[in-house]
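The structure appears below as structure tokens.
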Amino acid sequence: MIVIRLLPVIISFGLLAAHFSRADMLPLVIVSLMIPVLLFIRKAWVARSIQVLLLIGAFEWIRAMLGYIELRKSIGDDWTRLAIILIVVALLTALSGLIFRGGSLRKRYQLKK
């Protein structure tokens with residue numbers, strides 16, 4: 001049951017790994033794939049670190065979106081759909097950190113209110 005609750009976090013880091021893979025950034029791919037392994041450690045610092053990394057990941061999606069929009073504009077392509085998709089992915093990534101506010105995960109990672 002805990003895995004289902006943690007699924008948004010795992011998916012977010014998987015998407016970040018795919019993004020970094022597309023940009024040929026192998027070290028960041030490996031880091032993105034290894035971060036969910038930290039979820040096995042039941043400590044508050046793990047939850048807080050993952051929340052911070054998810055926010056950084058959301059900012060990376062916004063940064064990438066702005067770059068892709070400029071590229072699309074320069075070649076005269078439509079960029080609206082790209083922007084919508086990447087905004088949704090950025091929101092998913094950022095909001096994934098909120099799962100640690102739930103009672104069972106707060107208890108699992110020894111988080112205080």
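Going by the structure tokens order, chains are called A, B, ..., each with residues numbered from 1, while ligands are numbered from 1 in the order shown.
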Using only C-alpha atoms, which protein or nucleic acid residues come within 10 Å of Leu7 (chain A)? Drop anything in the same chain fewer than 5 positions from it, and give the result as JSON, numbers by chain. {"A": [2, 12, 13, 36, 96, 99]}
Restricting it to N, CA and C atoms, dump the selection as a PDB file, in the first residue's frame.
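Contents of out_30.pdb, freshly written:
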```
ATOM      1  N   ILE A   2       1.989   1.225   0.706  1.00  0.00           N
ATOM      2  CA  ILE A   2       2.878   2.379   0.756  1.00  0.00           C
ATOM      3  C   ILE A   2       3.423   2.685  -0.642  1.00  0.00           C
ATOM      4  N   SER A  12       7.644  10.760 -10.877  1.00  0.00           N
ATOM      5  CA  SER A  12       8.285  12.060 -11.105  1.00  0.00           C
ATOM      6  C   SER A  12       9.780  11.908 -11.362  1.00  0.00           C
ATOM      7  N   PHE A  13      10.437  11.080 -10.564  1.00  0.00           N
ATOM      8  CA  PHE A  13      11.874  10.881 -10.775  1.00  0.00           C
ATOM      9  C   PHE A  13      12.151  10.065 -12.032  1.00  0.00           C
ATOM     10  N   PRO A  36      14.698   7.428  -5.653  1.00  0.00           N
ATOM     11  CA  PRO A  36      13.595   6.692  -5.021  1.00  0.00           C
ATOM     12  C   PRO A  36      14.047   5.556  -4.090  1.00  0.00           C
ATOM     13  N   SER A  96       4.015  16.258  -6.044  1.00  0.00           N
ATOM     14  CA  SER A  96       4.329  14.924  -5.528  1.00  0.00           C
ATOM     15  C   SER A  96       4.903  14.985  -4.121  1.00  0.00           C
ATOM     16  N   ILE A  99       2.658  14.379  -0.833  1.00  0.00           N
ATOM     17  CA  ILE A  99       2.207  13.083  -0.316  1.00  0.00           C
ATOM     18  C   ILE A  99       2.756  12.801   1.076  1.00  0.00           C
TER      19      ILE A  99
END
```
Residues at most 8 Å from region 57-71 of chain A, counting only C-alpha atoms, excluding those fewer than 4 positions away in the same chain, as number ranges by chain? A: 16, 53, 75, 79, 82-83, 86-87, 89-91, 93-94
Have a look at A:Leu95, A:Val88, A:Ile4, A:Leu39 and name the one nearest to Tyr109 (chain A); count only C-alpha atoms.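 With only C-alpha atoms as the atom set, the closest residue is A:Leu39.
With only C-alpha atoms as the atoms that count, the residue of A:Leu92, A:Ala17, A:Leu6, A:Leu28 with the shortest distance to Arg108 (chain A) is A:Leu6.
Within the 9 Å cut-off around Ala47 (chain A), using only C-alpha atoms and omitting residues fewer than 2 positions from it on the same chain, the listed residues are Leu38, Leu39, Arg42, Lys43, Ala44, Trp45, Ser49, Ile50, Gln51, Val52, Gly97, Phe100, Leu105, Arg106, Tyr109 and Leu111 of chain A.
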Would you give me, as a ChimeraX atom specification, the residues in chain A that DSSP reads as helix (DSSP H, G or I)? /A:2-22,26-40,44-74,80-101,103-108
Which residues, written as a VMD selection string, have at least one atom at most 9 Å from Ile10 (chain A), with only C-alpha atoms counted and residues fewer than 4 positions away on the same chain left out? chain A and resid 3 6 14 to 15 33 35 to 36
